[in-house]
Amino acid sequence: MNRLIATVAVEKTFFNYDSDYDYFVPDNLRDQLVIGTRVRVPFGKGNVLRYGIVVKLFGAINTDLKEIVSVTGNAPVLSQEMVSLALWLKERCFCTTYECLRQMLPRGIDKVGDKSRRMVRLVTEKEEDLPKLTPKQKSVVNLLFDVGTAAVHEVCAFCSVGEAVVKNLVKYGVCEIYEKEIYRMPYKLSSDGERSEIILSAQQKKAFECYSEMLEGYGGTGLLYGVTGSGKTQVYLSLIDKAVSMGKDVIVMVPEISLTPQMLSIFHKRYGKSIAVFHSGLSLGERNDEYKRADRGEAKIVIGTRSAVFAPLHNLGLIIMDEEQEHTYKSERTPRYHAREVANYRCKFNKALFLMTSATPSVESYSAAISGKYKLCELTERYGEANLPEVITVDMKAEAKINNKSPISETLKGLIQENLDHKKQTILLINRRGYNTFIACNSCGHVITCPNCSISLTYHSYNNRLMCHYCGYTKPLDNICPECGESSVRYSGYGTQRIEDSLKLLFPAARVLRMDADTTTGKFSHQKLFDAFSHGEYDILLGTQMVAKGLDFPNVTLVGVVNADSSLYDENYTSQEKSFDLITQVVGRSGRRNEKGKAVIQTVNPNNPIIEFAGNQDYKSFFKTEIALGKALTYPPFCDIYSASFTGENENNVMLCAKAFFDILVELNSNEYKGEKLIVLGPSPAKISKISNNYRYRLAVKCKNSKTIRRMFNEILKRLSKIKEYKDISVGLDLNPYDLT
């Protein structure tokens, strides 16, 4: 007799053994079950009840299967589209189906806690940076990795732990507790939206008409490239107007929370209550409310960071990815997806338009666009009366020769004073937080490093302590070398705090606003600080990369890059692309209205072509150089790269595990996968070889990504998991990461 069988993605299963599990559907549940339904099923020898989500339904003859115990909720938690997306992701991200499905749901969807002022968040950004944790502590950390921040009592309720568990995580430097303002809705709206007419230039109109045709047709993928200030936002706002008038839903992605406030201000004024917001700065309750509004059709436009790509919209017509080149669109935690690929999948599924925009598109995307894979439109002129700024490059070696020991050159100093005299505003970029970034002993040369990580400590003046930016370790400031005992520790290098002190010394009357990870920890802190600067409460905005991109301040006529070399010589294949992007973007913040702006780039190597290209806003020349280099060295887009990471407490075992991975790879490539062309780099210690007392090794494989290649890596992971000596080693695989070191 045929019976209804459900294939269920079950929670807490291991990737290497996961193939999803079949269960009989009891007759009393047949009418309740559809794909995407959440269920409770017996699992394992002990038949422990676990949650799962139905991913497939089919009929089969009577076989020896367990039965589904119950259905959770009155409706499916995910649509068939999202289930299909999860199965697609699973095959590419080397993880379980349930891990992919969970990514699409707000954590704590069944338990929304009461309002609370006491919030908790992680100090670290990467899972591999964590110390050894108890199961209860790990459940809290996993929750916070997913949601970013949550009320203390929400965490305790959802993870079934006491507050002592959270307090111990704070004690160990894993989490921090802070006070937050109480909001039920994440943002207060002053109106229902007023859509003022958008006047497009000839270039903008041509781009709009091109993408409008795709929006009205069968969708597709486009890249809108435009110089900074060229009005890309007006083009995609016009497309959003068009999509909404067609009854379609829209997703707009921005790369980080710092870009959300100005974007939200524009969207709230234009679209009012039809906006929902998705990002990690919201509490569990706020995230759940925004999710429900999108799922119920009350919000037609979702704006947010990477996770917004999974918004539960049911009539998707348009996805916008602003600043598409940003590395924050790539998840560094399981599932290691890129939002660009997910957006592409969803738009193909819905016959929708996927539009990427940037003044500095990734080499990969621009290459695809000029080859015809994406529809390319270009905006080569600034919008309205605005002109590109005059760029001045300052050689800091020459500054040293005239005995200028300040990180602010004489040229930049003079222009800042000129701006202050004329009541104009200035933005300064230094992409390092802290006060001193390098601390060593003058007597023996010992570098003061973190005891848990192979990284030097950074001095922070606000609390007079040395800090590790990886594991959160801190110690009081002193001048005694722990190696030789001499009182001769010197502090050098500079971060945002030291630049702030220099500015206050040089310009005592100036009002300086510093924005970095230390000053933007509070609820809506980015919005409050940007609003204060926009309203003229400060003369100089100093910050890390959060001040470099996507911001539009009419009164800013001067931008300074304090140290253009800080990321240019990083040991990574994307370092030149990242540097060009950062410098180009921050230079583009100057003179965005009628007045001619200026930009100062301080460097020890003024002849570096990347700095020259960025100063001239010359993306085409940069692309030509970078694509030629990528071809010569076989880097994306001329290949794909799989990065294998190995992490554990025993350095020898980590090294041997990496070697075993390599040996299995060589064996498979010599036999059943001998047709696959591979270039293998490593295995070798990671650039930062130890974090939180865990040793780290890396191995990179250049190849052409395909089902066959993914099947080969699957086989390697399965065979490696059966070697008991390596059971405590964490092994991860990531496709085309931004950082191989």
# chains A, B, ... in the order shown; residues from 1 in each chain; ligands from 1
>>> residues_around(residues="A:Tyr473", least_positions_apart="6", cutoff="12 Å", atoms="only C-alpha atoms", output="list in words")
Val123, Thr124, Asp129, Leu130, Pro131, Val170, Lys171, Tyr172, Gly173, Val174, Cys175, Thr449, Cys450, Pro451, Asn452, Cys453, Ile455, Ser456, Leu457, Thr458, Tyr459, Arg465, Leu466, Met467, Ile691, Ser692 and Asn693 of chain A
>>> residues_around(residues="A:Gly495", least_positions_apart="5", cutoff="12 Å", atoms="only C-alpha atoms", output="VMD selection string")
chain A and resid 407 428 to 438 458 to 461 500 to 502 514 to 518 542 to 544 562 to 563 566
>>> select_by_dssp(residues="stretch 220-465 of chain A", states="strand (DSSP E)", output="ChimeraX atom specification")
/A:220-226,249-253,275-278,301-304,316-322,353-358,375-379,390-395,425-429,438-441,458-460,465
>>> residues_around(residues="A:Glu91", least_positions_apart="2", cutoff="12 Å", atoms="only C-alpha atoms", output="VMD selection string")
chain A and resid 15 18 to 19 84 to 89 93 to 97 99 to 100 335 to 337 706 to 711 713 to 714
>>> write_last_selection(atoms="N, CA, C and O atoms", output="JSON list (two decimals), in the first residue's frame")
[["chain", "number", "residue", "atom", "x", "y", "z"],
["A", 15, "PHE", "N", 27.09, 17.32, 8.87],
["A", 15, "PHE", "CA", 27.13, 17.43, 7.41],
["A", 15, "PHE", "C", 27.61, 16.14, 6.75],
["A", 15, "PHE", "O", 27.04, 15.66, 5.78],
["A", 18, "ASP", "N", 24.85, 13.70, 6.61],
["A", 18, "ASP", "CA", 23.52, 14.24, 6.37],
["A", 18, "ASP", "C", 23.06, 13.99, 4.94],
["A", 18, "ASP", "O", 23.74, 14.34, 4.00],
["A", 19, "SER", "N", 21.91, 13.35, 4.79],
["A", 19, "SER", "CA", 21.31, 13.24, 3.47],
["A", 19, "SER", "C", 19.82, 13.54, 3.58],
["A", 19, "SER", "O", 19.05, 13.23, 2.67],
["A", 84, "SER", "N", 13.64, 25.28, -1.83],
["A", 84, "SER", "CA", 14.47, 24.99, -3.01],
["A", 84, "SER", "C", 15.82, 25.69, -2.91],
["A", 84, "SER", "O", 16.87, 25.12, -3.25],
["A", 85, "LEU", "N", 15.80, 26.94, -2.43],
["A", 85, "LEU", "CA", 17.04, 27.70, -2.24],
["A", 85, "LEU", "C", 17.95, 27.02, -1.23],
["A", 85, "LEU", "O", 19.17, 26.92, -1.43],
["A", 86, "ALA", "N", 17.38, 26.50, -0.14],
["A", 86, "ALA", "CA", 18.18, 25.82, 0.89],
["A", 86, "ALA", "C", 18.86, 24.57, 0.32],
["A", 86, "ALA", "O", 20.03, 24.30, 0.61],
["A", 87, "LEU", "N", 18.13, 23.79, -0.47],
["A", 87, "LEU", "CA", 18.71, 22.59, -1.07],
["A", 87, "LEU", "C", 19.83, 22.95, -2.04],
["A", 87, "LEU", "O", 20.84, 22.25, -2.14],
["A", 88, "TRP", "N", 19.64, 24.05, -2.76],
["A", 88, "TRP", "CA", 20.67, 24.55, -3.68],
["A", 88, "TRP", "C", 21.92, 25.01, -2.91],
["A", 88, "TRP", "O", 23.05, 24.71, -3.29],
["A", 89, "LEU", "N", 21.69, 25.72, -1.79],
["A", 89, "LEU", "CA", 22.81, 26.20, -0.97],
["A", 89, "LEU", "C", 23.59, 25.05, -0.34],
["A", 89, "LEU", "O", 24.81, 25.07, -0.28],
["A", 93, "CYS", "N", 27.61, 24.73, -0.21],
["A", 93, "CYS", "CA", 28.24, 25.30, 0.99],
["A", 93, "CYS", "C", 28.74, 24.25, 1.98],
["A", 93, "CYS", "O", 29.19, 24.61, 3.07],
["A", 94, "PHE", "N", 28.66, 22.95, 1.63],
["A", 94, "PHE", "CA", 29.18, 21.88, 2.47],
["A", 94, "PHE", "C", 28.65, 21.97, 3.90],
["A", 94, "PHE", "O", 29.39, 22.08, 4.87],
["A", 95, "CYS", "N", 27.34, 21.96, 4.00],
["A", 95, "CYS", "CA", 26.68, 22.01, 5.30],
["A", 95, "CYS", "C", 25.36, 21.25, 5.19],
["A", 95, "CYS", "O", 25.00, 20.75, 4.11],
["A", 96, "THR", "N", 24.62, 21.16, 6.28],
["A", 96, "THR", "CA", 23.35, 20.44, 6.26],
["A", 96, "THR", "C", 22.24, 21.32, 5.69],
["A", 96, "THR", "O", 22.33, 22.55, 5.70],
["A", 97, "THR", "N", 21.18, 20.67, 5.23],
["A", 97, "THR", "CA", 20.02, 21.42, 4.72],
["A", 97, "THR", "C", 19.42, 22.27, 5.83],
["A", 97, "THR", "O", 19.01, 23.41, 5.60],
["A", 99, "GLU", "N", 20.84, 23.71, 8.35],
["A", 99, "GLU", "CA", 21.63, 24.93, 8.59],
["A", 99, "GLU", "C", 21.28, 26.01, 7.57],
["A", 99, "GLU", "O", 21.25, 27.20, 7.90],
["A", 100, "CYS", "N", 21.00, 25.60, 6.33],
["A", 100, "CYS", "CA", 20.60, 26.56, 5.30],
["A", 100, "CYS", "C", 19.20, 27.09, 5.57],
["A", 100, "CYS", "O", 18.94, 28.28, 5.43],
["A", 335, "PRO", "N", 26.03, 28.66, 6.80],
["A", 335, "PRO", "CA", 26.54, 28.34, 5.47],
["A", 335, "PRO", "C", 27.31, 29.52, 4.87],
["A", 335, "PRO", "O", 26.84, 30.66, 4.94],
["A", 336, "ARG", "N", 28.47, 29.23, 4.27],
["A", 336, "ARG", "CA", 29.33, 30.29, 3.75],
["A", 336, "ARG", "C", 28.87, 30.71, 2.34],
["A", 336, "ARG", "O", 29.49, 30.38, 1.34],
["A", 337, "TYR", "N", 27.78, 31.43, 2.30],
["A", 337, "TYR", "CA", 27.19, 31.85, 1.03],
["A", 337, "TYR", "C", 27.63, 33.27, 0.68],
["A", 337, "TYR", "O", 28.09, 34.03, 1.53],
["A", 706, "SER", "N", 32.51, 23.15, -10.02],
["A", 706, "SER", "CA", 31.53, 22.33, -10.75],
["A", 706, "SER", "C", 30.96, 21.30, -9.79],
["A", 706, "SER", "O", 31.47, 21.11, -8.68],
["A", 707, "LYS", "N", 29.93, 20.59, -10.22],
["A", 707, "LYS", "CA", 29.36, 19.52, -9.39],
["A", 707, "LYS", "C", 30.40, 18.44, -9.11],
["A", 707, "LYS", "O", 30.46, 17.88, -8.02],
["A", 708, "THR", "N", 31.24, 18.15, -10.11],
["A", 708, "THR", "CA", 32.28, 17.12, -9.93],
["A", 708, "THR", "C", 33.28, 17.55, -8.88],
["A", 708, "THR", "O", 33.67, 16.75, -8.01],
["A", 709, "ILE", "N", 33.71, 18.81, -8.93],
["A", 709, "ILE", "CA", 34.67, 19.32, -7.94],
["A", 709, "ILE", "C", 34.05, 19.28, -6.55],
["A", 709, "ILE", "O", 34.70, 18.88, -5.56],
["A", 710, "ARG", "N", 32.79, 19.70, -6.43],
["A", 710, "ARG", "CA", 32.14, 19.69, -5.12],
["A", 710, "ARG", "C", 31.97, 18.26, -4.59],
["A", 710, "ARG", "O", 32.10, 18.01, -3.39],
["A", 711, "ARG", "N", 31.71, 17.32, -5.49],
["A", 711, "ARG", "CA", 31.61, 15.91, -5.09],
["A", 711, "ARG", "C", 32.96, 15.40, -4.57],
["A", 711, "ARG", "O", 33.03, 14.65, -3.60],
["A", 713, "PHE", "N", 35.35, 17.25, -3.12],
["A", 713, "PHE", "CA", 35.59, 17.82, -1.78],
["A", 713, "PHE", "C", 34.69, 17.15, -0.74],
["A", 713, "PHE", "O", 35.10, 16.95, 0.41],
["A", 714, "ASN", "N", 33.48, 16.79, -1.15],
["A", 714, "ASN", "CA", 32.59, 16.05, -0.26],
["A", 714, "ASN", "C", 33.23, 14.74, 0.19],
["A", 714, "ASN", "O", 33.18, 14.37, 1.37]]
>>> residues_around(residues="A:Tyr695", least_positions_apart="6", cutoff="12 Å", atoms="only C-alpha atoms", output="ChimeraX atom specification")
/A:128-131,452-454,645-655,657-658,684-689,729-730
>>> residues_around(residues="stretch 631-637 of chain A", least_positions_apart="6", cutoff="8 Å", atoms="only C-alpha atoms", output="ChimeraX atom specification")
/A:363-364,367,573,702,736
>>> residues_around(residues="stretch 240-244 of chain A", least_positions_apart="4", cutoff="7 Å", atoms="only C-alpha atoms", output="list in words")
Tyr236, Lys248, Asp249, Val250, Gly317 and Leu318 of chain A
>>> select_by_dssp(residues="stretch 434-507 of chain A", states="helix (DSSP H, G or I)", output="VMD selection string")
chain A and resid 496 to 506
>>> write_last_selection(atoms="C-alpha atoms", output="PDB file, in the first residue's frame")
ATOM      1  CA  THR A 496      41.697  56.719  15.141  1.00  0.00           C
ATOM      2  CA  GLN A 497      42.216  57.698  18.789  1.00  0.00           C
ATOM      3  CA  ARG A 498      45.706  59.084  18.194  1.00  0.00           C
ATOM      4  CA  ILE A 499      44.574  60.990  15.099  1.00  0.00           C
ATOM      5  CA  GLU A 500      41.739  62.452  17.181  1.00  0.00           C
ATOM      6  CA  ASP A 501      44.260  63.723  19.765  1.00  0.00           C
ATOM      7  CA  SER A 502      46.458  65.182  16.985  1.00  0.00           C
ATOM      8  CA  LEU A 503      43.475  67.039  15.506  1.00  0.00           C
ATOM      9  CA  LYS A 504      42.498  68.493  18.870  1.00  0.00           C
ATOM     10  CA  LEU A 505      46.072  69.673  19.372  1.00  0.00           C
ATOM     11  CA  LEU A 506      46.325  71.224  15.886  1.00  0.00           C
TER      12      LEU A 506
END
>>> residues_around(residues="A:Ala164", least_positions_apart="4", cutoff="12 Å", atoms="only C-alpha atoms", output="ChimeraX atom specification")
/A:136-137,140,152-153,155-156,160,168-171
>>> write_last_selection(atoms="C-alpha atoms", output="JSON list (two decimals), in the first residue's frame")
[["chain", "number", "residue", "atom", "x", "y", "z"],
["A", 136, "LYS", "CA", 25.35, 25.86, 27.22],
["A", 137, "GLN", "CA", 27.86, 28.61, 26.45],
["A", 140, "VAL", "CA", 24.36, 31.23, 23.54],
["A", 152, "VAL", "CA", 19.82, 39.04, 28.05],
["A", 153, "HIS", "CA", 16.52, 37.51, 29.13],
["A", 155, "VAL", "CA", 18.98, 34.70, 25.25],
["A", 156, "CYS", "CA", 18.38, 32.90, 28.54],
["A", 160, "SER", "CA", 17.31, 27.51, 28.34],
["A", 168, "ASN", "CA", 30.69, 33.92, 32.43],
["A", 169, "LEU", "CA", 30.92, 34.57, 28.70],
["A", 170, "VAL", "CA", 31.34, 38.26, 29.51],
["A", 171, "LYS", "CA", 34.00, 37.37, 32.09]]
>>> atom_distance(atom1="atom CA of A:Val556", atom2="atom CA of A:Val254")
22.3 Å
>>> closest_residue(among="A:Val10, A:Gln80, A:Asp22, A:Gly372", to="A:Ile53", atoms="only C-alpha atoms")
A:Val10
>>> closest_atom_pairs(of="stretch 311-386 of chain A", to="stretch 225-231 of chain A", cutoff="10 Å", atoms="only C-alpha atoms", output="tab-separated table")
residue	atom	partner	partner_atom	distance
A:Glu323	CA	A:Tyr225	CA	9.9
A:Met356	CA	A:Tyr225	CA	8.4
A:Thr357	CA	A:Tyr225	CA	5.9
A:Ser358	CA	A:Tyr225	CA	5.3
A:Ala359	CA	A:Val227	CA	4.8
A:Thr360	CA	A:Tyr225	CA	7.5
A:Pro361	CA	A:Tyr225	CA	7.0
A:Tyr366	CA	A:Tyr225	CA	8.5
A:Ala369	CA	A:Tyr225	CA	9.9
A:Leu376	CA	A:Tyr225	CA	7.4
A:Cys377	CA	A:Tyr225	CA	6.3
A:Glu378	CA	A:Tyr225	CA	4.8
A:Leu379	CA	A:Gly226	CA	4.2
A:Thr380	CA	A:Gly226	CA	5.8
A:Glu381	CA	A:Ser230	CA	5.6
A:Arg382	CA	A:Ser230	CA	3.9
A:Tyr383	CA	A:Ser230	CA	4.6
A:Gly384	CA	A:Ser230	CA	8.4
A:Ala386	CA	A:Gly229	CA	7.7
>>> write_last_selection(atoms="N, CA and C atoms", output="mmCIF file, in the first residue's frame")
data_model
loop_
_atom_site.group_PDB
_atom_site.id
_atom_site.type_symbol
_atom_site.label_atom_id
_atom_site.label_comp_id
_atom_site.auth_asym_id
_atom_site.auth_seq_id
_atom_site.Cartn_x
_atom_site.Cartn_y
_atom_site.Cartn_z
ATOM 1 N N GLU A 323 26.702 48.931 -3.605
ATOM 2 C CA GLU A 323 28.128 48.688 -3.303
ATOM 3 C C GLU A 323 28.417 47.191 -3.397
ATOM 4 N N MET A 356 22.961 45.115 -9.505
ATOM 5 C CA MET A 356 24.094 45.488 -8.659
ATOM 6 C C MET A 356 24.549 46.895 -9.045
ATOM 7 N N THR A 357 24.949 47.679 -8.038
ATOM 8 C CA THR A 357 25.422 49.035 -8.324
ATOM 9 C C THR A 357 26.736 49.289 -7.605
ATOM 10 N N SER A 358 27.603 50.080 -8.224
ATOM 11 C CA SER A 358 28.875 50.432 -7.577
ATOM 12 C C SER A 358 29.639 51.455 -8.409
ATOM 13 N N ALA A 359 30.456 52.241 -7.703
ATOM 14 C CA ALA A 359 31.432 53.097 -8.375
ATOM 15 C C ALA A 359 32.746 52.343 -8.559
ATOM 16 N N THR A 360 32.899 51.251 -7.806
ATOM 17 C CA THR A 360 34.114 50.434 -7.887
ATOM 18 C C THR A 360 33.716 48.960 -7.892
ATOM 19 N N PRO A 361 33.074 48.490 -8.958
ATOM 20 C CA PRO A 361 32.596 47.108 -8.967
ATOM 21 C C PRO A 361 33.739 46.113 -8.817
ATOM 22 N N TYR A 366 32.543 43.125 -12.933
ATOM 23 C CA TYR A 366 32.729 43.972 -14.119
ATOM 24 C C TYR A 366 33.171 43.133 -15.313
ATOM 25 N N ALA A 369 30.190 41.541 -16.677
ATOM 26 C CA ALA A 369 29.334 42.520 -17.349
ATOM 27 C C ALA A 369 29.842 42.836 -18.756
ATOM 28 N N LEU A 376 25.153 45.673 -18.634
ATOM 29 C CA LEU A 376 25.950 46.781 -18.101
ATOM 30 C C LEU A 376 25.421 48.126 -18.578
ATOM 31 N N CYS A 377 25.201 49.043 -17.621
ATOM 32 C CA CYS A 377 24.925 50.448 -17.927
ATOM 33 C C CYS A 377 25.907 51.297 -17.140
ATOM 34 N N GLU A 378 26.351 52.417 -17.727
ATOM 35 C CA GLU A 378 27.393 53.233 -17.093
ATOM 36 C C GLU A 378 26.943 54.687 -16.968
ATOM 37 N N LEU A 379 27.285 55.285 -15.813
ATOM 38 C CA LEU A 379 27.077 56.714 -15.564
ATOM 39 C C LEU A 379 28.457 57.331 -15.393
ATOM 40 N N THR A 380 28.886 58.105 -16.355
ATOM 41 C CA THR A 380 30.271 58.595 -16.370
ATOM 42 C C THR A 380 30.417 60.003 -15.807
ATOM 43 N N GLU A 381 29.294 60.664 -15.504
ATOM 44 C CA GLU A 381 29.352 62.046 -15.021
ATOM 45 C C GLU A 381 28.633 62.173 -13.686
ATOM 46 N N ARG A 382 29.097 63.108 -12.846
ATOM 47 C CA ARG A 382 28.409 63.381 -11.594
ATOM 48 C C ARG A 382 27.051 64.025 -11.861
ATOM 49 N N TYR A 383 26.143 63.762 -10.933
ATOM 50 C CA TYR A 383 24.758 64.234 -11.092
ATOM 51 C C TYR A 383 24.678 65.748 -10.866
ATOM 52 N N GLY A 384 23.884 66.424 -11.683
ATOM 53 C CA GLY A 384 23.638 67.856 -11.492
ATOM 54 C C GLY A 384 24.874 68.699 -11.737
ATOM 55 N N ALA A 386 27.499 68.954 -9.674
ATOM 56 C CA ALA A 386 28.684 68.493 -8.941
ATOM 57 C C ALA A 386 29.792 68.041 -9.889
#
>>> closest_residue(among="A:Thr149, A:Tyr21, A:Thr37, A:Tyr211", to="A:Lys375", atoms="only C-alpha atoms")
A:Tyr211
>>> closest_residue(among="A:Lys45, A:Glu67, A:Glu595, A:Val604", to="A:Glu399", atoms="only C-alpha atoms")
A:Val604
>>> closest_residue(among="A:Lys330, A:His314, A:Lys373, A:Lys549", to="A:Leu735", atoms="only C-alpha atoms")
A:Lys330
>>> closest_atom_pairs(of="stretch 537-569 of chain A", to="stretch 262-278 of chain A", cutoff="12 Å", atoms="only C-alpha atoms", output="tab-separated table")
residue	atom	partner	partner_atom	distance
A:Val547	CA	A:Gln262	CA	11.9
A:Lys549	CA	A:Gln262	CA	11.2
A:Gly550	CA	A:Gln262	CA	8.5
A:Leu551	CA	A:Gln262	CA	7.1
A:Asp552	CA	A:Gln262	CA	8.1
A:Phe553	CA	A:Gln262	CA	9.9
>>> closest_residue(among="A:Thr520, A:Leu388, A:Ser443, A:Phe613", to="A:Lys596", atoms="only C-alpha atoms")
A:Leu388
>>> closest_residue(among="A:Ile723, A:Ile68, A:Val252, A:Ala368", to="A:Ile320", atoms="only C-alpha atoms")
A:Val252
>>> decode(residues="stretch 567-624 of chain A", atoms="C-alpha atoms", output="short mmCIF file (atom, residue, chain, number, x, y, z; two decimals), in the first residue's frame")
data_model
loop_
_atom_site.label_atom_id
_atom_site.label_comp_id
_atom_site.auth_asym_id
_atom_site.auth_seq_id
_atom_site.Cartn_x
_atom_site.Cartn_y
_atom_site.Cartn_z
CA SER A 567 45.86 47.85 3.33
CA LEU A 568 47.71 48.11 0.02
CA TYR A 569 50.51 45.71 0.93
CA ASP A 570 48.46 43.11 2.77
CA GLU A 571 49.40 39.48 1.99
CA ASN A 572 46.20 38.77 0.10
CA TYR A 573 45.23 38.54 -3.55
CA THR A 574 42.40 41.07 -3.11
CA SER A 575 44.48 43.71 -1.28
CA GLN A 576 44.88 46.02 -4.30
CA GLU A 577 41.19 45.79 -5.13
CA LYS A 578 40.20 46.59 -1.53
CA SER A 579 42.60 49.55 -1.38
CA PHE A 580 41.45 51.00 -4.68
CA ASP A 581 37.83 50.65 -3.58
CA LEU A 582 38.36 52.29 -0.19
CA ILE A 583 40.39 55.25 -1.48
CA THR A 584 38.11 55.85 -4.48
CA GLN A 585 34.99 55.74 -2.34
CA VAL A 586 36.23 58.10 0.37
CA VAL A 587 37.58 60.58 -2.20
CA GLY A 588 34.11 60.53 -3.73
CA ARG A 589 32.57 61.92 -0.51
CA SER A 590 34.03 65.37 -1.28
CA GLY A 591 32.27 68.12 -3.24
CA ARG A 592 29.00 66.32 -3.96
CA ARG A 593 27.05 69.54 -4.61
CA ASN A 594 27.86 72.78 -6.45
CA GLU A 595 31.19 73.54 -4.76
CA LYS A 596 34.40 71.98 -6.03
CA GLY A 597 35.78 69.54 -3.48
CA LYS A 598 39.34 68.54 -2.62
CA ALA A 599 40.86 65.24 -1.50
CA VAL A 600 44.27 64.61 0.06
CA ILE A 601 45.87 61.16 -0.14
CA GLN A 602 48.81 60.70 2.25
CA THR A 603 51.20 57.89 1.29
CA VAL A 604 54.83 56.80 1.55
CA ASN A 605 54.66 55.62 -2.08
CA PRO A 606 53.00 58.31 -4.22
CA ASN A 607 54.08 56.52 -7.42
CA ASN A 608 52.04 53.40 -6.70
CA PRO A 609 49.68 53.03 -9.69
CA ILE A 610 46.76 51.87 -7.52
CA ILE A 611 46.89 55.14 -5.54
CA GLU A 612 47.14 57.08 -8.79
CA PHE A 613 44.13 55.28 -10.30
CA ALA A 614 42.08 55.81 -7.13
CA GLY A 615 42.99 59.49 -6.93
CA ASN A 616 41.91 59.99 -10.54
CA GLN A 617 38.71 57.94 -10.00
CA ASP A 618 39.98 55.86 -12.94
CA TYR A 619 38.28 52.50 -12.51
CA LYS A 620 38.83 51.41 -16.13
CA SER A 621 42.64 51.66 -15.87
CA PHE A 622 42.58 49.90 -12.51
CA PHE A 623 40.45 47.08 -13.95
CA LYS A 624 42.76 46.69 -16.94
#
